[in-house]
file query_16.txt (compact mmCIF, C-alpha atoms)
# COMPACT_ATOMS: atom_id res chain seq x y z
CA MET A 385 187.50 -49.52 -48.40
CA THR A 386 185.86 -47.58 -51.23
CA ARG A 387 187.20 -44.36 -52.70
CA GLU A 388 184.92 -43.07 -55.42
CA LEU A 389 182.91 -40.13 -56.67
CA ILE A 390 179.20 -40.77 -57.07
CA VAL A 391 177.82 -38.29 -59.59
CA LEU A 392 174.27 -37.43 -58.52
CA GLY A 393 173.66 -34.74 -61.14
CA THR A 394 175.53 -32.85 -63.85
CA ALA A 395 173.33 -30.00 -65.12
CA SER A 396 174.08 -26.32 -64.66
CA GLN A 397 171.38 -23.70 -64.05
CA VAL A 398 168.41 -25.90 -64.97
CA PRO A 399 167.90 -29.67 -65.08
CA THR A 400 167.18 -31.39 -68.40
CA ARG A 401 165.44 -34.62 -69.36
CA GLN A 402 168.79 -36.41 -69.10
CA ARG A 403 170.56 -34.45 -66.36
CA SER A 404 169.56 -33.58 -62.82
CA HIS A 405 170.90 -30.49 -61.07
CA ASN A 406 174.50 -31.08 -60.13
CA ALA A 407 175.40 -32.81 -56.87
CA TYR A 408 178.27 -35.13 -55.93
CA LEU A 409 178.98 -37.56 -53.13
CA LEU A 410 182.64 -38.35 -52.51
CA ARG A 411 183.13 -41.62 -50.64
CA PHE A 412 186.58 -41.71 -49.08
CA ASP A 413 186.84 -45.01 -47.23
CA GLU A 414 183.89 -44.89 -44.81
CA TYR A 415 183.52 -41.09 -44.92
CA GLY A 416 181.11 -39.26 -47.22
CA VAL A 417 181.34 -35.63 -48.37
CA LEU A 418 178.34 -34.23 -50.25
CA PHE A 419 179.19 -31.37 -52.60
CA ASP A 420 176.71 -28.81 -53.95
CA PRO A 421 173.37 -30.60 -53.52
CA GLY A 422 171.20 -29.05 -56.21
CA GLU A 423 167.48 -29.60 -56.55
CA GLY A 424 166.62 -33.30 -56.54
CA ALA A 425 169.76 -34.42 -54.70
CA GLN A 426 167.77 -36.45 -52.16
CA ARG A 427 166.08 -38.47 -54.90
CA GLN A 428 169.34 -38.96 -56.78
CA MET A 429 170.93 -40.35 -53.61
CA LEU A 430 168.06 -42.84 -53.42
CA LEU A 431 168.63 -43.90 -57.03
CA ALA A 432 172.35 -44.27 -56.30
CA GLY A 433 171.61 -46.47 -53.29
CA MET A 434 173.08 -43.96 -50.83
CA PRO A 435 171.23 -43.36 -47.52
CA ALA A 436 171.32 -40.04 -45.69
CA SER A 437 173.61 -41.66 -43.13
CA ALA A 438 176.31 -41.82 -45.84
CA VAL A 439 176.70 -38.04 -45.58
CA ASP A 440 179.25 -36.96 -42.98
CA ARG A 441 179.92 -33.44 -44.28
CA ILE A 442 178.39 -31.04 -46.80
CA CYS A 443 180.34 -28.49 -48.85
CA LEU A 444 178.58 -25.70 -50.74
CA THR A 445 180.67 -23.74 -53.18
CA HIS A 446 178.18 -20.86 -53.45
CA PHE A 447 174.50 -19.99 -53.23
CA HIS A 448 173.26 -20.10 -56.80
CA GLY A 449 170.21 -22.36 -56.85
CA ASP A 450 171.66 -25.19 -58.93
CA HIS A 451 174.24 -25.72 -56.18
CA CYS A 452 172.12 -25.51 -53.04
CA LEU A 453 168.37 -25.94 -53.58
CA GLY A 454 168.60 -29.62 -52.65
CA LEU A 455 169.99 -28.80 -49.21
CA PRO A 456 166.60 -28.56 -47.41
CA GLY A 457 165.59 -32.03 -48.53
CA VAL A 458 168.91 -33.55 -47.52
CA ILE A 459 168.77 -31.90 -44.09
CA GLN A 460 165.20 -33.02 -43.48
CA ARG A 461 166.14 -36.55 -44.55
CA LEU A 462 169.00 -36.54 -42.03
CA SER A 463 166.41 -35.73 -39.37
CA LEU A 464 163.79 -38.23 -40.59
CA ASP A 465 166.31 -41.06 -40.74
CA GLY A 466 167.63 -40.33 -37.26
CA VAL A 467 171.21 -39.69 -38.32
CA GLU A 468 173.15 -39.03 -35.12
CA HIS A 469 176.66 -38.13 -36.21
CA PRO A 470 177.43 -34.40 -36.60
CA VAL A 471 177.22 -33.09 -40.17
CA PRO A 472 179.17 -29.84 -40.66
CA VAL A 473 178.00 -27.70 -43.57
CA HIS A 474 180.61 -25.42 -45.15
CA PHE A 475 179.51 -22.38 -47.18
CA PRO A 476 180.70 -18.84 -47.98
CA ALA A 477 180.15 -16.74 -44.87
CA THR A 478 178.65 -13.93 -46.94
CA GLY A 479 175.76 -16.27 -47.76
CA ALA A 480 174.83 -17.02 -44.14
CA ALA A 481 171.31 -15.63 -44.63
CA TYR A 482 170.72 -18.00 -47.54
CA PHE A 483 171.96 -20.93 -45.47
CA GLU A 484 169.54 -20.11 -42.67
CA ARG A 485 166.63 -19.96 -45.11
CA LEU A 486 167.58 -23.30 -46.62
CA ARG A 487 168.24 -24.85 -43.21
CA HIS A 488 164.71 -23.95 -42.09
CA ALA A 489 162.95 -23.92 -45.46
CA SER A 490 159.80 -25.64 -44.18
CA SER A 491 158.20 -27.08 -41.08
CA PHE A 492 159.57 -30.44 -39.93
CA VAL A 493 160.51 -32.25 -36.74
CA ASP A 494 164.07 -31.00 -36.60
CA HIS A 495 166.55 -33.48 -35.19
CA ALA A 496 169.12 -32.92 -37.94
CA PRO A 497 172.66 -32.90 -36.47
CA VAL A 498 173.73 -30.08 -38.80
CA GLU A 499 176.51 -27.71 -37.77
CA ALA A 500 176.96 -24.45 -39.68
CA ALA A 501 180.60 -23.97 -40.69
CA PRO A 502 180.87 -20.69 -42.66
CA ILE A 503 184.07 -19.97 -44.60
CA GLU A 504 185.60 -16.55 -43.97
CA ALA A 505 188.89 -16.90 -45.85
CA ASP A 506 191.18 -19.23 -47.76
CA GLY A 507 192.92 -22.03 -45.88
CA LEU A 508 192.29 -25.07 -43.70
CA ILE A 509 188.62 -25.40 -42.78
CA GLY A 510 188.33 -28.93 -41.42
CA THR A 511 190.12 -32.04 -40.22
CA LEU A 512 188.63 -35.27 -41.52
CA PRO A 513 189.39 -38.86 -40.47
CA PHE A 514 191.55 -39.31 -43.56
CA GLY A 515 193.15 -35.89 -43.84
CA SER A 516 192.54 -32.16 -44.20
CA LEU A 517 189.96 -30.05 -46.02
CA TYR A 518 190.95 -26.71 -47.54
CA ALA A 519 188.95 -23.98 -49.26
CA GLN A 520 190.01 -21.25 -51.64
CA ARG A 521 188.06 -18.39 -53.16
CA LEU A 522 187.31 -18.64 -56.87
CA HIS A 523 186.26 -16.06 -59.47
CA HIS A 524 182.49 -15.93 -59.93
CA SER A 525 179.60 -13.47 -59.88
CA VAL A 526 178.97 -14.23 -56.18
CA ASP A 527 181.32 -15.47 -53.46
CA SER A 528 182.38 -18.97 -54.47
CA PHE A 529 184.91 -21.35 -52.91
CA GLY A 530 186.59 -24.44 -54.28
CA TYR A 531 187.60 -27.36 -52.05
CA ARG A 532 190.70 -29.52 -51.73
CA LEU A 533 190.92 -32.72 -49.67
CA VAL A 534 194.43 -33.88 -48.80
CA GLU A 535 195.39 -37.22 -47.29
CA PRO A 536 198.80 -37.07 -45.57
CA ASP A 537 201.62 -39.16 -46.97
CA GLY A 538 202.15 -42.56 -45.40
CA ARG A 539 204.75 -45.28 -45.83
CA ARG A 540 204.79 -48.44 -47.91
CA MET A 541 206.74 -51.35 -46.44
CA LEU A 542 209.12 -53.12 -48.85
CA PRO A 543 209.06 -56.91 -48.31
CA ASP A 544 212.48 -57.59 -49.84
CA ARG A 545 214.19 -55.03 -47.60
CA LEU A 546 212.29 -56.25 -44.52
CA ALA A 547 213.47 -59.80 -45.23
CA ALA A 548 217.06 -58.65 -45.78
CA ALA A 549 216.97 -56.88 -42.43
CA GLY A 550 215.48 -59.92 -40.70
CA ILE A 551 212.26 -58.16 -39.73
CA TYR A 552 209.15 -60.36 -39.64
CA GLY A 553 205.68 -60.61 -38.09
CA ALA A 554 204.89 -58.43 -35.10
CA ALA A 555 208.25 -56.68 -35.42
CA ILE A 556 206.98 -54.95 -38.57
CA GLY A 557 204.09 -53.41 -36.67
CA ARG A 558 206.39 -52.22 -33.89
CA LEU A 559 208.71 -50.65 -36.44
CA GLN A 560 205.79 -48.83 -38.07
CA ARG A 561 204.68 -47.48 -34.70
CA ASP A 562 208.09 -46.51 -33.35
CA GLY A 563 209.71 -45.22 -36.56
CA GLY A 564 213.38 -44.35 -36.60
CA PRO A 565 216.17 -44.60 -39.21
CA LEU A 566 215.52 -48.28 -39.85
CA LEU A 567 211.99 -47.54 -41.03
CA ASP A 568 213.38 -45.34 -43.79
CA GLN A 569 215.60 -48.18 -44.93
CA VAL A 570 212.83 -50.77 -45.28
CA SER A 571 210.00 -48.61 -46.59
CA GLU A 572 209.23 -45.77 -48.98
CA VAL A 573 206.88 -42.82 -48.99
CA ARG A 574 203.33 -43.65 -50.08
CA PRO A 575 201.80 -40.39 -51.34
CA GLY A 576 198.43 -39.51 -49.86
CA GLN A 577 195.58 -39.00 -52.27
CA ILE A 578 194.23 -35.56 -53.19
CA VAL A 579 190.78 -34.66 -54.49
CA ALA A 580 189.92 -31.17 -55.78
CA PHE A 581 186.45 -29.78 -56.39
CA VAL A 582 186.24 -26.65 -58.56
CA MET A 583 182.78 -25.42 -59.46
CA ASP A 584 181.56 -22.09 -60.78
CA THR A 585 184.54 -19.93 -61.64
CA GLY A 586 186.22 -18.08 -64.43
CA LEU A 587 189.81 -18.89 -65.31
CA CYS A 588 191.94 -17.90 -62.29
CA PRO A 589 195.14 -18.95 -60.45
CA ALA A 590 193.14 -20.31 -57.50
CA ALA A 591 191.65 -23.05 -59.68
CA VAL A 592 195.14 -24.30 -60.55
CA GLU A 593 196.28 -24.07 -56.93
CA LEU A 594 193.30 -26.08 -55.69
CA ALA A 595 193.96 -28.76 -58.30
CA ALA A 596 197.73 -29.04 -57.79
CA ASP A 597 198.84 -32.70 -58.03
CA ALA A 598 195.27 -33.91 -57.52
CA ASP A 599 194.53 -37.56 -58.12
CA LEU A 600 190.98 -36.54 -59.01
CA LEU A 601 189.80 -33.10 -60.18
CA VAL A 602 186.05 -32.51 -60.43
CA ILE A 603 185.59 -29.30 -62.37
CA GLU A 604 182.90 -27.35 -64.14
CA ALA A 605 182.95 -27.24 -67.94
CA THR A 606 179.79 -25.27 -68.53
CA PHE A 607 180.58 -24.24 -72.10
CA LEU A 608 182.50 -25.25 -75.20
CA SER A 609 185.01 -22.89 -76.80
CA THR A 610 182.38 -21.46 -79.13
CA GLU A 611 181.08 -19.66 -76.03
CA THR A 612 184.42 -18.51 -74.58
CA GLU A 613 183.26 -14.90 -74.35
CA LEU A 614 180.03 -15.86 -72.59
CA ALA A 615 182.01 -18.03 -70.18
CA ALA A 616 184.22 -15.08 -69.25
CA ILE A 617 181.26 -12.76 -68.76
CA SER A 618 179.32 -15.20 -66.59
CA GLY A 619 182.28 -16.46 -64.54
CA HIS A 620 182.42 -19.99 -65.96
CA LEU A 621 184.87 -22.28 -67.72
CA THR A 622 184.98 -23.92 -71.11
CA ALA A 623 186.01 -27.55 -71.45
CA ALA A 624 189.26 -26.40 -73.04
CA GLN A 625 190.02 -24.17 -70.06
CA ALA A 626 189.23 -27.01 -67.65
CA GLY A 627 191.69 -29.20 -69.56
CA TRP A 628 194.33 -26.47 -69.38
CA ILE A 629 193.87 -26.15 -65.60
CA ALA A 630 194.27 -29.93 -65.21
CA ALA A 631 197.44 -29.93 -67.29
CA GLU A 632 198.96 -26.99 -65.43
CA ALA A 633 198.14 -28.57 -62.07
CA GLY A 634 199.51 -32.03 -62.86
CA VAL A 635 196.16 -33.77 -62.32
CA ARG A 636 195.85 -37.53 -62.80
CA LYS A 637 192.11 -37.94 -63.57
CA LEU A 638 189.87 -35.14 -64.82
CA VAL A 639 186.09 -35.19 -64.34
CA LEU A 640 184.15 -32.65 -66.43
CA THR A 641 180.63 -31.68 -65.30
CA HIS A 642 178.10 -28.83 -64.82
CA PHE A 643 177.05 -28.67 -68.46
CA SER A 644 174.86 -25.99 -70.02
CA GLN A 645 171.47 -27.18 -71.24
CA ARG A 646 172.39 -26.04 -74.77
CA TYR A 647 174.63 -29.10 -75.27
CA THR A 648 173.35 -32.62 -75.86
CA GLU A 649 176.49 -34.35 -77.19
CA PRO A 650 179.08 -34.86 -74.41
CA ARG A 651 181.90 -36.12 -76.65
CA ALA A 652 182.89 -32.59 -77.63
CA PHE A 653 183.75 -31.73 -74.01
CA ALA A 654 186.30 -34.53 -73.79
CA GLU A 655 187.76 -33.62 -77.19
CA GLU A 656 188.26 -29.99 -76.19
CA ALA A 657 189.78 -30.82 -72.80
CA ALA A 658 192.15 -33.33 -74.46
CA GLN A 659 193.72 -30.55 -76.50
CA ALA A 660 195.59 -29.48 -73.35
CA PHE A 661 195.32 -32.46 -70.99
CA SER A 662 196.75 -35.86 -71.87
CA GLY A 663 195.56 -37.73 -68.77
CA GLU A 664 192.34 -39.64 -68.17
CA ILE A 665 189.20 -37.61 -68.90
CA VAL A 666 185.70 -38.52 -67.74
CA VAL A 667 182.63 -36.67 -69.01
CA ALA A 668 180.30 -37.06 -66.05
CA GLU A 669 176.84 -38.54 -66.38
CA ASP A 670 174.13 -38.76 -63.74
CA LEU A 671 174.55 -41.72 -61.34
CA MET A 672 178.01 -42.54 -62.67
CA ARG A 673 180.49 -43.97 -60.16
CA ILE A 674 184.06 -42.81 -60.73
CA PRO A 675 186.81 -44.53 -58.73
CA LEU A 676 189.82 -42.57 -57.56
CA PRO A 677 192.95 -43.61 -59.46
CA PRO A 678 195.01 -46.36 -57.80
CA ARG A 679 197.58 -45.11 -55.33
CA ARG A 680 200.82 -43.97 -56.85
call {"tool": "encode", "arguments": {"input": "query_16.txt", "output": "structure tokens"}}
result
Amino acid sequence: MTRELIVLGTASQVPTRQRSHNAYLLRFDEYGVLFDPGEGAQRQMLLAGMPASAVDRICLTHFHGDHCLGLPGVIQRLSLDGVEHPVPVHFPATGAAYFERLRHASSFVDHAPVEAAPIEADGLIGTLPFGSLYAQRLHHSVDSFGYRLVEPDGRRMLPDRLAAAGIYGAAIGRLQRDGGPLLDQVSEVRPGQIVAFVMDTGLCPAAVELAADADLLVIEATFLSTETELAAISGHLTAAQAGWIAAEAGVRKLVLTHFSQRYTEPRAFAEEAAQAFSGEIVVAEDLMRIPLPPRR
């Protein structure tokens, strides 16, 4: 099974020669969640070797163009390729008119199995094969939601304790199915994995709450600290603020993305975030594949 983030694009507002509009495909075992398909997302999926059938769900944080203008192409590709499984699309309910325009942006033979799933409020918005999907409102110039995917805790069997208890073979499977006090004695909790996706937002408590104990946090870092005032005015984060959020939330791996076109040297983003966050930091690049950290 593969658990990784495929970075399809990393540019904010406008693409550059090196960066496509932001878009991200999270592969969680055999399930694929496409986040914020900006312009060019369909082509970036092709370059990444990902077919339309790899998309099982789409999550839009908000309706600024760099986060949604790739949606028509993705939907039409779902139809062209004959994808049959349902593909829910989550988006802020206040942007329903924008979704409808994007959903039917041009004439095509429409067989796309898309299901509109508008978000009205914070909380649980979907049940996935591997766990639960939550949304929480962020602080931006238009309605914007962040996402949090939570895999429930499982159990890890301990071979030495199983052997001491005389439990072997098929008996292990029966014990896992039936549970009971003995299971607690021969196993331990295996924490489920958590992925958080925080795009356009100013500094706010919701960003920390979404990222709490995340194994992987994908977060915007539009500006460096030289533009802290501009970040506050426009409802965005600096790399330093993204690092602070990750530290406060107890994140394991931090992925910085959504960079302003004014910056060409990515090293400074990692250096700023590292002032607050001591964990692993990845400065995203187009078509990068970022594995989730190993299970705890």
call {"tool": "closest_residue", "arguments": {"input": "query_16.txt", "among": "A:Ile629, A:Ala652, A:Leu410, A:Ile556", "to": "Arg673 in chain A", "atoms": "all atoms listed in the file"}}
result
A:Leu410
call {"tool": "residues_around", "arguments": {"input": "query_16.txt", "residues": "range 493-509 of chain A", "least_positions_apart": "2", "cutoff": "9 Å", "atoms": "all atoms listed in the file", "output": "PyMOL selection string"}}
result
chain A and resi 441+459-464+466-480+483+487-488+491+511+516-521+529
call {"tool": "atom_distance", "arguments": {"input": "query_16.txt", "atom1": "CA of Gly454 in chain A", "atom2": "CA of Ala432 in chain A"}}
result
15.6 Å
call {"tool": "residues_near_point", "arguments": {"input": "query_16.txt", "point": "(187.3, -34.4, -60.3)", "cutoff": "9 Å", "atoms": "all atoms listed in the file", "output": "ChimeraX atom specification"}}
result
/A:389,579-582,595,598-603,637-641,666,676
call {"tool": "closest_residue", "arguments": {"input": "query_16.txt", "among": "A:Arg558, A:Pro675, A:Gln625, A:Glu669", "to": "Ser404 in chain A", "atoms": "only C-alpha atoms"}}
result
A:Glu669
call {"tool": "residues_around", "arguments": {"input": "query_16.txt", "residues": "Leu559 in chain A", "least_positions_apart": "4", "cutoff": "12 Å", "atoms": "only C-alpha atoms", "output": "VMD selection string"}}
result
chain A and resid 539 541 546 549 551 to 555 563 to 571
call {"tool": "residues_around", "arguments": {"input": "query_16.txt", "residues": "Glu414 in chain A", "least_positions_apart": "6", "cutoff": "10 Å", "atoms": "all atoms listed in the file", "output": "list in words"}}
result
Met385, Thr386, Arg387, Ala438, Val439, Asp440, Pro513 and Phe514 of chain A
call {"tool": "closest_residue", "arguments": {"input": "query_16.txt", "among": "A:Glu388, A:Phe653, A:Asp584, A:Glu664", "to": "Phe412 in chain A", "atoms": "all atoms listed in the file"}}
result
A:Glu388
call {"tool": "closest_residue", "arguments": {"input": "query_16.txt", "among": "A:Gly627, A:Ile390, A:Arg532, A:Pro421", "to": "Leu486 in chain A", "atoms": "all atoms listed in the file"}}
result
A:Pro421
call {"tool": "atom_distance", "arguments": {"input": "query_16.txt", "atom1": "CA of Arg401 in chain A", "atom2": "CA of Gly416 in chain A"}}
result
27.5 Å
call {"tool": "residues_around", "arguments": {"input": "query_16.txt", "residues": "Phe661 in chain A", "least_positions_apart": "2", "cutoff": "7 Å", "atoms": "only C-alpha atoms", "output": "number ranges by chain"}}
result
A: 627-628, 630-631, 657-659, 663
call {"tool": "atom_distance", "arguments": {"input": "query_16.txt", "atom1": "CA of Phe492 in chain A", "atom2": "CA of Pro456 in chain A"}}
result
10.4 Å
call {"tool": "closest_residue", "arguments": {"input": "query_16.txt", "among": "A:Gly634, A:Pro677, A:Gly530, A:Gly586", "to": "His620 in chain A", "atoms": "all atoms listed in the file"}}
result
A:Gly586
call {"tool": "closest_residue", "arguments": {"input": "query_16.txt", "among": "A:Leu409, A:Ala425, A:Leu418, A:Ala616", "to": "Ile442 in chain A", "atoms": "all atoms listed in the file"}}
result
A:Leu418
call {"tool": "residues_around", "arguments": {"input": "query_16.txt", "residues": "His448 in chain A", "least_positions_apart": "2", "cutoff": "10 Å", "atoms": "all atoms listed in the file", "output": "PDB file with C-alpha atoms, keeping the file's coordinate frame"}}
result
ATOM      1  CA  GLN A 397     171.380 -23.700 -64.050  1.00  0.00           C
ATOM      2  CA  ASP A 420     176.710 -28.810 -53.950  1.00  0.00           C
ATOM      3  CA  GLY A 422     171.200 -29.050 -56.210  1.00  0.00           C
ATOM      4  CA  LEU A 444     178.580 -25.700 -50.740  1.00  0.00           C
ATOM      5  CA  THR A 445     180.670 -23.740 -53.180  1.00  0.00           C
ATOM      6  CA  HIS A 446     178.180 -20.860 -53.450  1.00  0.00           C
ATOM      7  CA  ASP A 450     171.660 -25.190 -58.930  1.00  0.00           C
ATOM      8  CA  HIS A 451     174.240 -25.720 -56.180  1.00  0.00           C
ATOM      9  CA  CYS A 452     172.120 -25.510 -53.040  1.00  0.00           C
ATOM     10  CA  LEU A 453     168.370 -25.940 -53.580  1.00  0.00           C
ATOM     11  CA  TYR A 482     170.720 -18.000 -47.540  1.00  0.00           C
ATOM     12  CA  SER A 525     179.600 -13.470 -59.880  1.00  0.00           C
ATOM     13  CA  VAL A 526     178.970 -14.230 -56.180  1.00  0.00           C
ATOM     14  CA  ASP A 527     181.320 -15.470 -53.460  1.00  0.00           C
ATOM     15  CA  SER A 528     182.380 -18.970 -54.470  1.00  0.00           C
ATOM     16  CA  ASP A 584     181.560 -22.090 -60.780  1.00  0.00           C
TER      17      ASP A 584
END
call {"tool": "decode", "arguments": {"input": "query_16.txt", "residues": "range 466-476 of chain A", "atoms": "all heavy atoms", "output": "short mmCIF file (atom, residue, chain, number, x, y, z; two decimals), in the first residue's frame"}}
result
data_model
loop_
_atom_site.label_atom_id
_atom_site.label_comp_id
_atom_site.auth_asym_id
_atom_site.auth_seq_id
_atom_site.Cartn_x
_atom_site.Cartn_y
_atom_site.Cartn_z
N GLY A 466 -14.29 7.33 -18.58
CA GLY A 466 -15.29 6.35 -18.15
C GLY A 466 -15.17 5.93 -16.70
O GLY A 466 -15.49 4.79 -16.36
N VAL A 467 -14.69 6.84 -15.85
CA VAL A 467 -14.60 6.52 -14.43
C VAL A 467 -16.00 6.27 -13.89
O VAL A 467 -16.92 7.08 -14.11
CB VAL A 467 -13.91 7.67 -13.66
CG1 VAL A 467 -13.98 7.43 -12.15
CG2 VAL A 467 -12.46 7.81 -14.12
N GLU A 468 -16.19 5.17 -13.19
CA GLU A 468 -17.53 4.79 -12.74
C GLU A 468 -17.77 5.02 -11.26
O GLU A 468 -18.92 5.18 -10.85
CB GLU A 468 -17.78 3.31 -13.07
CG GLU A 468 -17.78 3.02 -14.57
CD GLU A 468 -18.06 1.56 -14.88
OE1 GLU A 468 -18.08 0.75 -13.92
OE2 GLU A 468 -18.25 1.24 -16.07
N HIS A 469 -16.72 5.02 -10.45
CA HIS A 469 -16.96 5.19 -9.02
C HIS A 469 -17.38 6.63 -8.70
O HIS A 469 -16.93 7.57 -9.36
CB HIS A 469 -15.73 4.80 -8.20
CG HIS A 469 -14.50 5.60 -8.50
ND1 HIS A 469 -13.47 5.14 -9.28
CD2 HIS A 469 -14.13 6.85 -8.12
CE1 HIS A 469 -12.52 6.05 -9.37
NE2 HIS A 469 -12.90 7.11 -8.68
N PRO A 470 -18.24 6.82 -7.70
CA PRO A 470 -18.67 8.18 -7.34
C PRO A 470 -17.48 9.02 -6.88
O PRO A 470 -16.58 8.53 -6.19
CB PRO A 470 -19.65 7.94 -6.18
CG PRO A 470 -20.06 6.51 -6.29
CD PRO A 470 -18.89 5.79 -6.87
N VAL A 471 -17.50 10.30 -7.25
CA VAL A 471 -16.45 11.23 -6.85
C VAL A 471 -17.10 12.44 -6.17
O VAL A 471 -17.51 13.39 -6.84
CB VAL A 471 -15.60 11.69 -8.05
CG1 VAL A 471 -14.50 12.64 -7.59
CG2 VAL A 471 -14.99 10.49 -8.78
N PRO A 472 -17.23 12.41 -4.84
CA PRO A 472 -17.76 13.58 -4.13
C PRO A 472 -16.81 14.76 -4.28
O PRO A 472 -15.59 14.60 -4.27
CB PRO A 472 -17.84 13.11 -2.67
CG PRO A 472 -17.74 11.62 -2.72
CD PRO A 472 -16.91 11.30 -3.91
N VAL A 473 -17.38 15.95 -4.39
CA VAL A 473 -16.58 17.18 -4.43
C VAL A 473 -17.03 18.08 -3.29
O VAL A 473 -18.18 18.53 -3.25
CB VAL A 473 -16.75 17.92 -5.77
CG1 VAL A 473 -15.87 19.18 -5.77
CG2 VAL A 473 -16.38 17.02 -6.94
N HIS A 474 -16.13 18.32 -2.34
CA HIS A 474 -16.42 19.18 -1.20
C HIS A 474 -15.99 20.61 -1.52
O HIS A 474 -14.92 20.83 -2.11
CB HIS A 474 -15.69 18.68 0.05
CG HIS A 474 -16.06 17.30 0.45
ND1 HIS A 474 -17.24 17.00 1.09
CD2 HIS A 474 -15.41 16.11 0.28
CE1 HIS A 474 -17.30 15.70 1.33
NE2 HIS A 474 -16.20 15.14 0.84
N PHE A 475 -16.79 21.58 -1.08
CA PHE A 475 -16.48 22.99 -1.31
C PHE A 475 -17.32 23.83 -0.37
O PHE A 475 -18.36 23.37 0.12
CB PHE A 475 -16.79 23.37 -2.77
CG PHE A 475 -18.19 23.06 -3.20
CD1 PHE A 475 -19.22 23.97 -3.00
CD2 PHE A 475 -18.49 21.85 -3.80
CE1 PHE A 475 -20.52 23.69 -3.39
CE2 PHE A 475 -19.80 21.55 -4.20
CZ PHE A 475 -20.81 22.47 -3.99
N PRO A 476 -16.90 25.07 -0.09
CA PRO A 476 -17.73 25.94 0.77
C PRO A 476 -19.10 26.16 0.15
O PRO A 476 -19.21 26.51 -1.03
CB PRO A 476 -16.92 27.25 0.82
CG PRO A 476 -15.52 26.84 0.50
CD PRO A 476 -15.63 25.72 -0.47
#
